[in-house]
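Novice: File final_7.txt below, compact mmCIF, C-alpha atoms:
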# COMPACT_ATOMS: atom_id res chain seq x y z
CA MET A 1 134.52 161.33 279.17
CA ALA A 2 137.71 160.29 280.99
CA LYS A 3 138.28 161.59 284.49
CA LYS A 4 140.79 164.27 285.37
CA LEU A 5 141.70 163.57 288.96
CA GLY A 6 143.59 166.10 291.01
CA PHE A 7 144.18 167.11 294.59
CA LEU A 8 142.11 169.89 296.12
CA VAL A 9 144.04 171.25 299.11
CA ASN A 10 142.08 173.38 301.53
CA ILE A 11 144.64 175.69 303.12
CA GLU A 12 141.89 177.16 305.27
CA ARG A 13 141.54 173.79 307.00
CA CYS A 14 145.19 172.71 307.15
CA ILE A 15 146.69 173.01 310.64
CA GLY A 16 150.20 171.94 309.61
CA CYS A 17 150.15 168.68 311.59
CA HIS A 18 152.09 166.78 308.88
CA ALA A 19 149.82 163.72 309.27
CA CYS A 20 149.46 163.48 305.46
CA GLU A 21 153.23 163.63 304.98
CA ILE A 22 154.10 161.09 307.66
CA SER A 23 151.29 158.65 306.91
CA CYS A 24 152.32 158.55 303.25
CA LYS A 25 155.98 158.13 304.17
CA SER A 26 155.09 155.37 306.61
CA PHE A 27 152.68 153.58 304.27
CA TYR A 28 155.21 153.44 301.43
CA GLN A 29 158.15 152.84 303.80
CA LEU A 30 160.21 155.61 302.23
CA GLU A 31 163.85 156.20 303.10
CA PRO A 32 164.50 158.82 305.83
CA SER A 33 165.38 161.60 303.39
CA MET A 34 162.35 161.04 301.17
CA ARG A 35 158.84 162.47 301.09
CA ARG A 36 156.08 161.97 298.55
CA ARG A 37 154.07 164.74 300.19
CA THR A 38 155.40 167.73 302.09
CA VAL A 39 153.80 170.35 304.31
CA ARG A 40 155.22 173.87 304.28
CA GLU A 41 154.36 177.03 306.11
CA LEU A 42 153.21 179.86 303.87
CA PRO A 43 154.08 183.56 304.21
CA GLU A 44 151.93 185.42 306.71
CA ASP A 45 150.77 187.97 304.14
CA LEU A 46 149.18 185.29 301.97
CA VAL A 47 145.72 186.84 301.89
CA GLY A 48 146.44 190.43 302.87
CA SER A 49 145.90 190.39 306.60
CA PRO A 50 148.27 188.20 308.66
CA VAL A 51 147.40 184.49 308.78
CA ARG A 52 149.28 181.42 309.86
CA ALA A 53 148.84 179.02 306.96
CA PHE A 54 150.27 175.74 305.73
CA VAL A 55 150.15 174.01 302.40
CA SER A 56 150.44 170.31 301.70
CA THR A 57 151.78 169.41 298.26
CA ALA A 58 152.65 166.23 296.37
CA CYS A 59 152.80 165.34 292.70
CA ASN A 60 150.45 167.58 290.78
CA HIS A 61 149.67 164.97 288.10
CA CYS A 62 150.08 167.70 285.50
CA ASP A 63 148.25 167.88 282.18
CA GLU A 64 151.65 168.22 280.48
CA PRO A 65 154.05 166.39 282.82
CA ALA A 66 157.65 167.59 282.43
CA CYS A 67 158.85 164.37 284.07
CA GLN A 68 157.31 162.33 281.27
CA LYS A 69 159.02 164.44 278.59
CA ALA A 70 162.40 164.30 280.35
CA CYS A 71 162.50 160.58 281.17
CA PRO A 72 164.74 158.76 278.65
CA VAL A 73 163.29 155.31 279.37
CA GLY A 74 159.58 156.17 279.26
CA ALA A 75 159.05 155.28 282.91
CA TYR A 76 156.28 157.88 283.27
CA THR A 77 152.78 157.37 281.91
CA LYS A 78 149.66 159.46 282.30
CA ARG A 79 146.73 157.12 282.76
CA ASP A 80 144.04 157.57 280.10
CA GLU A 81 141.17 156.82 282.46
CA ASP A 82 141.94 159.42 285.17
CA GLY A 83 145.07 161.41 284.23
CA ILE A 84 147.17 160.12 287.14
CA VAL A 85 150.89 160.31 286.32
CA VAL A 86 152.42 156.97 287.24
CA HIS A 87 156.13 156.22 287.58
CA ASN A 88 157.27 152.69 286.72
CA GLN A 89 160.23 151.98 288.98
CA GLU A 90 161.01 148.76 287.11
CA LEU A 91 162.04 150.79 284.06
CA CYS A 92 163.78 153.65 285.92
CA ILE A 93 167.57 153.87 285.53
CA GLY A 94 168.01 156.65 288.13
CA CYS A 95 169.25 159.40 285.78
CA GLN A 96 167.34 161.96 287.91
CA MET A 97 166.41 164.06 284.90
CA CYS A 98 162.72 163.98 285.88
CA GLY A 99 163.57 165.61 289.21
CA LYS A 100 165.40 168.40 287.40
CA ALA A 101 162.69 168.92 284.79
CA CYS A 102 159.70 168.98 287.17
CA PRO A 103 159.08 172.66 288.11
CA TYR A 104 157.91 171.44 291.53
CA GLY A 105 160.92 169.15 292.10
CA VAL A 106 158.52 166.31 292.87
CA PRO A 107 160.40 163.16 291.79
CA GLN A 108 162.97 162.27 294.43
CA TYR A 109 165.96 159.98 294.30
CA ASN A 110 165.78 156.87 296.44
CA PRO A 111 169.39 156.47 297.62
CA VAL A 112 168.88 152.79 298.44
CA LYS A 113 167.02 151.61 295.35
CA LYS A 114 168.98 154.13 293.26
CA LYS A 115 165.82 154.97 291.37
CA MET A 116 163.37 157.85 291.37
CA ASP A 117 160.18 157.89 293.38
CA LYS A 118 157.04 160.02 293.46
CA CYS A 119 153.43 160.19 294.54
CA SER A 120 151.12 157.91 292.57
CA MET A 121 147.93 159.36 294.08
CA CYS A 122 147.64 155.85 295.56
CA TYR A 123 146.05 154.77 292.25
CA ASP A 124 145.94 151.14 293.38
CA ARG A 125 143.78 152.20 296.33
CA LEU A 126 141.63 154.47 294.15
CA ASP A 127 141.11 151.57 291.73
CA VAL A 128 139.44 149.55 294.52
CA GLY A 129 137.38 152.46 295.78
CA GLU A 130 139.62 153.58 298.64
CA SER A 131 141.03 157.06 299.26
CA PRO A 132 144.71 157.89 298.99
CA ILE A 133 146.55 157.60 302.32
CA CYS A 134 147.07 161.36 302.69
CA VAL A 135 143.36 162.00 302.12
CA SER A 136 142.24 159.34 304.57
CA LYS A 137 144.68 160.33 307.34
CA CYS A 138 144.15 164.10 307.33
CA PRO A 139 142.30 164.93 310.58
CA MET A 140 140.99 168.17 309.10
CA GLU A 141 139.78 166.69 305.80
CA ALA A 142 141.93 169.31 304.11
CA ILE A 143 142.87 167.14 301.11
CA GLU A 144 140.34 165.83 298.61
CA ILE A 145 140.51 164.07 295.28
CA VAL A 146 138.39 165.88 292.73
CA ASP A 147 137.47 164.95 289.18
CA TYR A 148 138.04 168.33 287.57
CA ASN A 149 136.23 167.21 284.44
CA GLU A 150 133.14 166.59 286.58
CA VAL A 151 133.18 169.55 288.98
CA GLN A 152 134.90 172.92 289.02
CA PRO A 153 134.95 173.98 292.69
CA SER A 154 134.46 177.70 293.11
CA GLY A 155 136.95 179.91 294.93
CA THR A 156 140.00 177.79 294.17
CA VAL A 157 143.39 178.94 292.92
CA SER A 158 146.15 177.08 291.13
CA LEU A 159 149.01 179.23 292.42
CA VAL A 160 150.23 179.78 295.97
CA PRO A 161 153.60 181.18 297.17
CA THR A 162 156.53 178.73 296.70
CA PHE A 163 154.53 177.02 293.93
CA ALA A 164 155.98 177.29 290.40
CA ASP A 165 154.15 178.99 287.54
CA PRO A 166 151.23 176.68 286.61
CA SER A 167 151.48 177.63 282.93
CA ILE A 168 154.61 175.46 282.54
CA THR A 169 153.04 172.04 283.06
CA HIS A 170 149.39 172.79 283.94
CA PRO A 171 149.19 171.02 287.30
CA THR A 172 145.81 169.62 288.32
CA THR A 173 146.20 170.55 292.01
CA GLN A 174 143.95 173.39 293.19
CA PHE A 175 144.01 175.25 296.50
CA ILE A 176 141.44 176.94 298.69
CA LEU A 177 143.02 179.97 300.34
CA PRO A 178 142.39 180.81 304.03
CA LYS A 179 139.82 183.43 304.86
CA PRO A 180 141.25 186.48 306.63
CA GLY A 181 140.01 186.81 310.20
CA LYS A 182 139.00 183.15 310.64
CA GLN A 183 142.04 181.94 312.52
CA PHE A 184 140.50 179.70 315.18
CA ARG A 185 141.95 176.36 314.10
CA ARG A 186 145.64 177.17 313.90
CA ALA A 187 148.09 174.91 315.70
CA MET B 1 180.14 166.45 293.29
CA HIS B 2 177.15 164.53 291.96
CA ASP B 3 177.24 166.00 288.45
CA LEU B 4 180.98 165.50 287.83
CA PRO B 5 180.36 162.62 285.37
CA LEU B 6 178.12 164.95 283.37
CA VAL B 7 180.78 167.69 283.41
CA VAL B 8 183.33 165.24 282.00
CA PHE B 9 180.87 163.76 279.51
CA THR B 10 179.67 167.07 278.08
CA ILE B 11 183.18 168.52 277.77
CA LEU B 12 184.58 165.38 276.15
CA SER B 13 181.66 164.92 273.76
CA GLN B 14 181.91 168.55 272.63
CA LEU B 15 185.68 168.34 272.25
CA ILE B 16 185.32 165.22 270.12
CA LEU B 17 182.73 166.83 267.84
CA GLY B 18 184.89 169.92 267.23
CA GLY B 19 187.99 167.81 266.73
CA PHE B 20 186.29 165.33 264.45
CA VAL B 21 184.86 168.03 262.18
CA THR B 22 188.31 169.67 262.03
CA LEU B 23 190.06 166.43 261.06
CA TRP B 24 187.41 165.59 258.46
CA TRP B 25 187.52 169.14 257.05
CA ILE B 26 191.33 169.19 256.73
CA ASP B 27 191.35 165.71 255.20
CA ARG B 28 188.65 166.46 252.61
CA LYS B 29 190.45 169.67 251.55
CA LYS B 30 193.13 167.39 250.09
CA THR B 31 195.65 168.58 252.64
CA ARG B 32 198.12 165.79 253.13
CA ILE B 33 197.81 164.16 256.51
CA SER B 34 199.77 160.92 256.81
CA ARG B 35 197.79 157.74 257.39
CA LYS B 36 199.59 157.21 260.70
CA THR B 37 198.70 160.67 262.03
CA GLY B 38 195.11 160.52 260.77
CA LEU B 39 194.70 157.12 262.35
CA LEU B 40 196.22 158.38 265.61
CA ILE B 41 193.82 161.33 265.85
CA SER B 42 190.85 159.23 264.84
CA ILE B 43 191.69 156.54 267.41
CA SER B 44 192.11 159.23 270.07
CA PHE B 45 188.52 160.36 269.35
CA LEU B 46 187.37 156.78 269.59
CA ILE B 47 189.06 156.31 272.96
CA LEU B 48 187.75 159.64 274.27
CA GLY B 49 184.29 158.70 272.97
CA GLY B 50 184.40 155.37 274.79
CA VAL B 51 185.64 157.05 277.97
CA SER B 52 182.91 159.69 277.76
CA LEU B 53 180.21 157.04 277.39
CA LEU B 54 181.54 155.07 280.35
CA VAL B 55 181.86 158.19 282.50
CA SER B 56 178.31 159.30 281.62
CA MET B 57 176.99 156.00 283.00
CA LEU B 58 178.49 156.80 286.41
CA HIS B 59 175.79 159.43 286.74
CA LEU B 60 173.07 156.77 286.62
CA GLY B 61 171.66 154.93 289.59
CA GLN B 62 171.42 151.82 287.42
CA PRO B 63 174.38 152.02 285.02
CA PHE B 64 173.94 148.45 283.77
CA PHE B 65 170.55 149.38 282.37
CA ALA B 66 171.86 152.45 280.53
CA TYR B 67 170.85 150.87 277.21
CA ARG B 68 167.20 151.56 278.15
CA ALA B 69 167.89 155.27 277.75
CA ILE B 70 167.04 155.09 274.05
CA LEU B 71 163.47 153.88 274.70
CA ASN B 72 161.79 157.29 274.86
CA PHE B 73 163.37 158.71 271.69
CA GLY B 74 160.09 160.18 270.46
CA VAL B 75 159.70 162.49 273.46
CA SER B 76 162.87 162.80 275.54
CA TRP B 77 165.90 164.90 274.51
CA LEU B 78 168.06 162.79 276.83
CA SER B 79 166.98 159.71 274.93
CA ARG B 80 167.81 161.44 271.64
CA GLU B 81 171.19 162.53 272.96
CA VAL B 82 172.08 158.99 273.99
CA THR B 83 170.95 157.61 270.63
CA PHE B 84 172.71 160.19 268.48
CA TYR B 85 175.87 160.26 270.57
CA GLY B 86 176.05 156.47 270.51
CA ALA B 87 175.65 156.59 266.71
CA PHE B 88 178.30 159.34 266.53
CA VAL B 89 180.88 157.24 268.39
CA GLY B 90 179.92 154.19 266.33
CA LEU B 91 180.44 156.14 263.11
CA ILE B 92 183.84 157.37 264.36
CA LEU B 93 184.75 153.68 264.57
CA ALA B 94 183.79 153.26 260.90
CA TYR B 95 185.69 156.47 260.01
CA THR B 96 188.76 155.14 261.83
CA TRP B 97 188.47 151.93 259.85
CA PHE B 98 188.72 153.89 256.60
CA TRP B 99 191.83 155.66 257.90
CA TYR B 100 193.26 152.20 258.56
CA LYS B 101 192.28 151.19 255.01
CA ASP B 102 193.54 154.56 253.74
CA ASP B 103 190.33 155.03 251.74
CA ARG B 104 189.97 158.79 251.47
CA ALA B 105 186.76 158.85 249.42
CA LYS B 106 184.85 156.71 251.92
CA ARG B 107 186.38 158.67 254.79
CA SER B 108 185.05 161.86 253.27
CA THR B 109 181.51 160.50 252.89
CA ILE B 110 181.31 158.83 256.29
CA GLY B 111 182.96 161.87 257.89
CA TRP B 112 180.18 164.08 256.56
CA ILE B 113 177.50 161.77 258.00
CA THR B 114 179.39 161.44 261.31
CA SER B 115 179.77 165.21 261.65
CA SER B 116 176.06 165.78 261.01
CA ILE B 117 175.05 163.14 263.56
CA GLY B 118 177.54 164.65 266.04
CA VAL B 119 176.00 168.10 265.63
CA VAL B 120 172.53 166.64 266.25
CA ALA B 121 173.90 164.82 269.34
CA ILE B 122 175.30 168.03 270.86
CA PHE B 123 172.12 169.92 269.93
CA SER B 124 170.11 167.22 271.76
CA SER B 125 172.53 167.47 274.68
CA ALA B 126 171.88 171.22 275.00
CA LYS B 127 168.11 170.77 274.66
CA ILE B 128 168.10 168.46 277.72
CA TYR B 129 169.04 171.42 279.89
CA MET B 130 166.78 174.01 278.29
CA ILE B 131 163.98 173.44 280.80
CA PRO B 132 161.79 176.08 282.50
CA ALA B 133 162.34 174.39 285.89
CA ILE B 134 165.92 175.72 285.98
CA PRO B 135 165.86 179.33 284.71
CA ALA B 136 169.68 179.58 284.43
CA TRP B 137 169.68 176.75 281.88
CA ASP B 138 166.51 177.65 280.03
CA GLY B 139 167.86 179.79 277.25
CA VAL B 140 169.72 179.82 273.97
CA SER B 141 172.97 180.54 275.84
CA THR B 142 173.11 176.83 276.81
CA LEU B 143 173.03 175.91 273.13
CA PHE B 144 175.72 178.50 272.33
CA ALA B 145 177.90 177.39 275.26
CA PHE B 146 177.87 173.74 274.17
CA PHE B 147 178.76 174.44 270.54
CA LEU B 148 181.32 177.12 271.43
CA THR B 149 183.10 174.58 273.64
CA SER B 150 183.25 172.32 270.57
CA ILE B 151 184.72 175.05 268.39
CA LEU B 152 187.20 176.15 271.08
CA LEU B 153 188.59 172.78 272.13
CA GLY B 154 188.25 170.51 269.10
CA PRO B 155 190.29 172.39 266.46
CA LEU B 156 193.02 173.23 269.01
CA PHE B 157 193.25 169.56 269.99
CA VAL B 158 193.76 168.55 266.35
CA ALA B 159 196.15 171.45 265.67
CA ALA B 160 198.25 170.47 268.69
CA ILE B 161 198.51 166.82 267.59
CA LEU B 162 199.33 167.80 264.00
CA ALA B 163 202.03 170.16 265.30
CA ILE B 164 203.41 167.45 267.62
CA ARG B 165 203.56 165.06 264.68
CA GLY B 166 205.31 167.79 262.64
CA GLU B 167 202.69 167.63 259.90
CA VAL B 168 200.27 170.15 258.43
CA ASN B 169 200.79 173.31 260.45
CA ILE B 170 197.23 174.66 260.38
CA ASN B 171 196.66 178.23 261.47
CA ILE B 172 193.93 177.75 264.03
CA SER B 173 194.59 180.94 266.01
CA GLY B 174 192.27 183.18 263.98
CA LEU B 175 189.30 180.83 264.44
CA SER B 176 190.06 180.43 268.14
CA VAL B 177 190.38 184.18 268.76
CA LEU B 178 187.09 184.80 266.96
CA THR B 179 185.36 182.01 268.92
CA LEU B 180 186.74 183.35 272.20
CA ALA B 181 185.40 186.82 271.33
CA VAL B 182 181.96 185.34 270.54
CA THR B 183 182.12 183.34 273.80
CA ALA B 184 182.85 186.53 275.75
CA VAL B 185 179.82 188.24 274.19
CA VAL B 186 177.61 185.20 274.91
CA MET B 187 178.85 185.12 278.52
CA ALA B 188 178.12 188.82 278.97
CA GLY B 189 174.62 188.34 277.51
CA TYR B 190 174.06 185.28 279.69
CA PHE B 191 174.92 187.02 282.96
CA SER B 192 172.89 190.10 281.96
CA SER B 193 169.85 187.92 281.32
CA LEU B 194 170.38 186.09 284.63
CA LEU B 195 170.54 189.34 286.58
CA ALA B 196 167.37 190.58 284.88
CA GLY B 197 165.54 187.28 285.29
CA LEU B 198 163.65 185.30 287.91
CA PRO B 199 164.92 185.25 291.53
CA GLU B 200 166.38 181.76 290.92
CA ALA B 201 168.37 183.11 287.95
CA VAL B 202 169.63 186.05 290.01
CA GLU B 203 170.68 183.58 292.70
CA THR B 204 172.60 181.57 290.09
CA ALA B 205 174.46 184.72 289.06
CA ARG B 206 175.23 185.54 292.69
CA LEU B 207 176.53 182.03 293.38
CA THR B 208 178.64 182.15 290.22
CA PHE B 209 180.25 185.52 291.00
CA ASN B 210 181.04 184.35 294.53
CA HIS B 211 182.65 181.12 293.34
CA ILE B 212 186.45 180.94 293.03
CA PHE B 213 186.06 178.81 289.88
CA PHE B 214 184.43 181.75 288.10
CA TRP B 215 187.46 183.97 288.65
CA ILE B 216 189.90 181.19 287.70
CA ARG B 217 187.82 180.66 284.56
CA LEU B 218 188.05 184.35 283.73
CA VAL B 219 191.83 184.40 284.22
CA THR B 220 192.39 181.24 282.15
CA PHE B 221 190.01 182.55 279.48
CA ALA B 222 191.95 185.82 279.27
CA ALA B 223 195.28 183.94 279.22
CA ALA B 224 194.12 181.69 276.37
CA PHE B 225 192.85 184.73 274.45
CA THR B 226 196.21 186.51 274.87
CA ILE B 227 198.24 183.47 273.78
CA LEU B 228 196.06 182.80 270.75
CA PHE B 229 195.91 186.48 269.77
CA LEU B 230 199.73 186.65 269.82
CA SER B 231 199.79 183.43 267.81
CA TYR B 232 197.37 184.95 265.29
CA LYS B 233 199.53 188.07 264.90
CA ASN B 234 202.91 186.33 264.83
CA SER B 235 203.50 183.14 262.85
CA LYS B 236 206.44 182.27 265.11
CA TRP B 237 203.85 181.64 267.82
CA GLN B 238 202.13 178.95 265.75
CA ASN B 239 203.88 175.91 267.10
CA VAL B 240 203.51 172.82 269.29
CA LYS B 241 204.11 174.59 272.59
CA ILE B 242 201.68 177.41 271.92
CA TYR B 243 198.86 175.17 270.70
CA SER B 244 199.42 172.68 273.54
CA VAL B 245 199.48 175.38 276.22
CA ALA B 246 196.48 177.18 274.74
CA PHE B 247 194.56 173.88 274.59
CA ALA B 248 195.42 172.98 278.19
CA VAL B 249 194.49 176.44 279.51
CA LEU B 250 191.22 176.47 277.57
CA LEU B 251 190.39 172.94 278.72
CA ILE B 252 190.76 174.05 282.34
CA SER B 253 188.66 177.16 281.63
CA GLU B 254 185.87 175.21 279.95
CA PHE B 255 185.94 172.51 282.61
CA LEU B 256 185.53 175.06 285.42
CA GLY B 257 182.80 176.82 283.45
CA ARG B 258 180.92 173.55 283.12
CA VAL B 259 181.33 172.74 286.82
CA LEU B 260 179.74 176.12 287.55
CA PHE B 261 176.95 175.40 285.06
CA TYR B 262 175.85 172.43 287.17
CA GLU B 263 176.85 173.67 290.62
CA THR B 264 175.07 177.00 290.50
CA ALA B 265 171.83 175.84 288.84
CA ILE B 266 168.89 176.78 291.05
CA HIS B 267 165.60 174.95 290.67
CA LEU B 268 162.32 176.91 290.69
In structure tokens, write the structure found in this file.
Specialist:
Amino acid sequence: MAKKLGFLVNIERCIGCHACEISCKSFYQLEPSMRRRTVRELPEDLVGSPVRAFVSTACNHCDEPACQKACPVGAYTKRDEDGIVVHNQELCIGCQMCGKACPYGVPQYNPVKKKMDKCSMCYDRLDVGESPICVSKCPMEAIEIVDYNEVQPSGTVSLVPTFADPSITHPTTQFILPKPGKQFRRA
Amino acid sequence: MHDLPLVVFTILSQLILGGFVTLWWIDRKKTRISRKTGLLISISFLILGGVSLLVSMLHLGQPFFAYRAILNFGVSWLSREVTFYGAFVGLILAYTWFWYKDDRAKRSTIGWITSSIGVVAIFSSAKIYMIPAIPAWDGVSTLFAFFLTSILLGPLFVAAILAIRGEVNINISGLSVLTLAVTAVVMAGYFSSLLAGLPEAVETARLTFNHIFFWIRLVTFAAAFTILFLSYKNSKWQNVKIYSVAFAVLLISEFLGRVLFYETAIHL
């Protein structure tokens, strides 16, 4: 059976250091305004009792990618072998429709190349057995790549505040929420 | 404003569809339109069509590769829009040729095909925006708005040119008044649904009501309604000046409405 790769983001572990965001930006030499991964602070009442929590998000490599349906040139493909949604910049004409159609606003416009850009889950690194940059640079090991066809981690959720309704495109990203009262690692 | 090319493109494409269908309808009803006037109107659609296509490319990061936009026809509504609209403008060229040749039978046939393709093009255009990621766009009101713009601007454009040329004086006021009334109902329904919708939709409504363009649009809309209602009631008001003024006022109103459509859209 083909893989279904997705990010598993452990909010319990994330300390909001932005290492994932900056290492990705640096590795792909993105323009100043661009990010393939972003870290945001979540509301304090996330799990009932007050917590200071952060969430790191990138492309969700959705089961039904809205970007793929919106793109007029067919620049988006979902890889058969692992479900990673790949954007082909060679084909892109910079219409920006993918950015509008994605409920998570993931594809971003590169103002220099005048084309869209998004996270590729570092598929070229995965193909040679390496981890994506964000995964390898996180000091808290808060981001993992999981084959959701192989394992279904318990205690995960697919919806956190600021995240759009998962029923629209069925994102593969899952989150582990922080545990109330265990706030010893916060920055 | 980043979306200005799209504002111009959508308004022009919808105007052309409404105008084209009006010209074809009048012509096939055996109403006498001189070859010169028919050719003039048809060429004006061709020029506006060309302009709209060029302007739409300004929205692209890579305008010289715009032709690629037809590659994902099977999945993407944008791809379908580009394909059908391109075919629509191409068919207007053929239609214009038969005005030049003064071949009414062929004009009638090709006009029917062109109108159908044009309707599909505008339908595709509306479907592009009906996406869950932008709640203010994701509804049937987008579809209504696009076709109502066609019905409001197109027939008035043709009526104004026919009146200027001193030819068939078509009574367009009744249709326009009815369309304006339907537009008012659709607008009321649209804003009600926004205010009862997701927080992003409510924010769109708030931004719209606080925008000066919204109030100018309302005033111009009411002015056009008054002019056309008087024209409908009094045949003396069915002349060049009235149709031209009504068209100009409605064009401003629709243009501002479309600017707001893009400017106030809030992403999830």
Novice: Between A:Ile168, A:Met34, A:Ala53, A:Val47, which residue has the minimum interatomic distance to A:Cys67, considering all atoms listed in the file?
Specialist: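 Once distances to A:Cys67 are computed over all atoms listed in the file, the minimum belongs to A:Ile168.
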Novice: From the options B:Ala184, B:Ile43, B:Val158, B:Leu251, which residue's atoms come nearest to B:Thr220, counting all atoms listed in the file?
Specialist: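 Going through B:Ala184, B:Ile43, B:Val158, B:Leu251 one by one, the smallest distance to B:Thr220 is for B:Leu251.
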Novice: Would you give me, as a short mmCIF file (atom, residue, chain, number, x, y, z; two decimals) with C-alpha atoms, keeping the file's coordinate frame, the residues of chain B that come within 12 Å of chain A, using only C-alpha atoms?
Specialist:
data_model
loop_
_atom_site.label_atom_id
_atom_site.label_comp_id
_atom_site.auth_asym_id
_atom_site.auth_seq_id
_atom_site.Cartn_x
_atom_site.Cartn_y
_atom_site.Cartn_z
CA HIS B 2 177.15 164.53 291.96
CA ASP B 3 177.24 166.00 288.45
CA PRO B 5 180.36 162.62 285.37
CA LEU B 6 178.12 164.95 283.37
CA SER B 56 178.31 159.30 281.62
CA MET B 57 176.99 156.00 283.00
CA LEU B 58 178.49 156.80 286.41
CA HIS B 59 175.79 159.43 286.74
CA LEU B 60 173.07 156.77 286.62
CA GLY B 61 171.66 154.93 289.59
CA GLN B 62 171.42 151.82 287.42
CA PRO B 63 174.38 152.02 285.02
CA PHE B 64 173.94 148.45 283.77
CA PHE B 65 170.55 149.38 282.37
CA ALA B 66 171.86 152.45 280.53
CA TYR B 67 170.85 150.87 277.21
CA ARG B 68 167.20 151.56 278.15
CA ALA B 69 167.89 155.27 277.75
CA ILE B 70 167.04 155.09 274.05
CA LEU B 71 163.47 153.88 274.70
CA ASN B 72 161.79 157.29 274.86
CA PHE B 73 163.37 158.71 271.69
CA GLY B 74 160.09 160.18 270.46
CA VAL B 75 159.70 162.49 273.46
CA SER B 76 162.87 162.80 275.54
CA TRP B 77 165.90 164.90 274.51
CA LEU B 78 168.06 162.79 276.83
CA SER B 79 166.98 159.71 274.93
CA ARG B 80 167.81 161.44 271.64
CA GLU B 81 171.19 162.53 272.96
CA VAL B 82 172.08 158.99 273.99
CA THR B 83 170.95 157.61 270.63
CA SER B 124 170.11 167.22 271.76
CA LYS B 127 168.11 170.77 274.66
CA ILE B 128 168.10 168.46 277.72
CA TYR B 129 169.04 171.42 279.89
CA MET B 130 166.78 174.01 278.29
CA ILE B 131 163.98 173.44 280.80
CA PRO B 132 161.79 176.08 282.50
CA ALA B 133 162.34 174.39 285.89
CA ILE B 134 165.92 175.72 285.98
CA PRO B 135 165.86 179.33 284.71
CA TRP B 137 169.68 176.75 281.88
CA ASP B 138 166.51 177.65 280.03
CA LEU B 198 163.65 185.30 287.91
CA PRO B 199 164.92 185.25 291.53
CA GLU B 200 166.38 181.76 290.92
CA TYR B 262 175.85 172.43 287.17
CA ALA B 265 171.83 175.84 288.84
CA ILE B 266 168.89 176.78 291.05
CA HIS B 267 165.60 174.95 290.67
CA LEU B 268 162.32 176.91 290.69
#
Novice: Show me the residues close to (183.6, 161.4, 256.1) - anything with an atom within 12 Å, counting all atoms listed in the file - and format the list as an MDAnalysis selection string.
Specialist: chainID B and resid 20:29 42 88 91:99 103:117
Novice: Between B:Ile212, B:Leu207, B:Ala159, B:Val168, which one has atoms that come closest to B:Ala246, using only C-alpha atoms?
Specialist: B:Ala159
Novice: Please determine, counting only C-alpha atoms, which residue among B:Ile164, B:Ala121, B:Ala201, B:Ala223 has the shortest atom-to-atom distance to B:Gly139.
Specialist: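 Under the stated criterion, the closest residue is B:Ala201.
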Novice: Would you compute the distance between atom CA of A:Glu64 and atom CA of A:Asn88? Give it in Å to one decimal.
Specialist: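 Distance reported for this atom pair: 17.7 Å.
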Novice: Provide stretch 16-26 of chain A rebuilt to N, CA and C atoms, formatted as an mmCIF file, in the coordinates of the input.
Specialist:
data_model
loop_
_atom_site.group_PDB
_atom_site.id
_atom_site.type_symbol
_atom_site.label_atom_id
_atom_site.label_comp_id
_atom_site.auth_asym_id
_atom_site.auth_seq_id
_atom_site.Cartn_x
_atom_site.Cartn_y
_atom_site.Cartn_z
ATOM 1 N N GLY A 16 148.753 172.197 309.640
ATOM 2 C CA GLY A 16 150.200 171.940 309.610
ATOM 3 C C GLY A 16 150.642 170.814 310.524
ATOM 4 N N CYS A 17 149.812 169.774 310.679
ATOM 5 C CA CYS A 17 150.150 168.680 311.590
ATOM 6 C C CYS A 17 151.071 167.634 310.952
ATOM 7 N N HIS A 18 151.219 167.688 309.641
ATOM 8 C CA HIS A 18 152.090 166.780 308.880
ATOM 9 C C HIS A 18 151.582 165.321 308.863
ATOM 10 N N ALA A 19 150.339 165.094 309.262
ATOM 11 C CA ALA A 19 149.820 163.720 309.270
ATOM 12 C C ALA A 19 149.826 163.131 307.852
ATOM 13 N N CYS A 20 149.481 163.953 306.856
ATOM 14 C CA CYS A 20 149.460 163.480 305.460
ATOM 15 C C CYS A 20 150.860 163.037 305.037
ATOM 16 N N GLU A 21 151.829 163.869 305.360
ATOM 17 C CA GLU A 21 153.230 163.630 304.980
ATOM 18 C C GLU A 21 153.759 162.343 305.610
ATOM 19 N N ILE A 22 153.529 162.221 306.920
ATOM 20 C CA ILE A 22 154.100 161.090 307.660
ATOM 21 C C ILE A 22 153.361 159.783 307.362
ATOM 22 N N SER A 23 152.044 159.871 307.204
ATOM 23 C CA SER A 23 151.290 158.650 306.910
ATOM 24 C C SER A 23 151.680 158.091 305.548
ATOM 25 N N CYS A 24 151.889 158.978 304.593
ATOM 26 C CA CYS A 24 152.320 158.550 303.250
ATOM 27 C C CYS A 24 153.712 157.928 303.331
ATOM 28 N N LYS A 25 154.596 158.616 304.034
ATOM 29 C CA LYS A 25 155.980 158.130 304.170
ATOM 30 C C LYS A 25 156.004 156.762 304.853
ATOM 31 N N SER A 26 155.154 156.618 305.865
ATOM 32 C CA SER A 26 155.090 155.370 306.610
ATOM 33 C C SER A 26 154.479 154.247 305.753
#
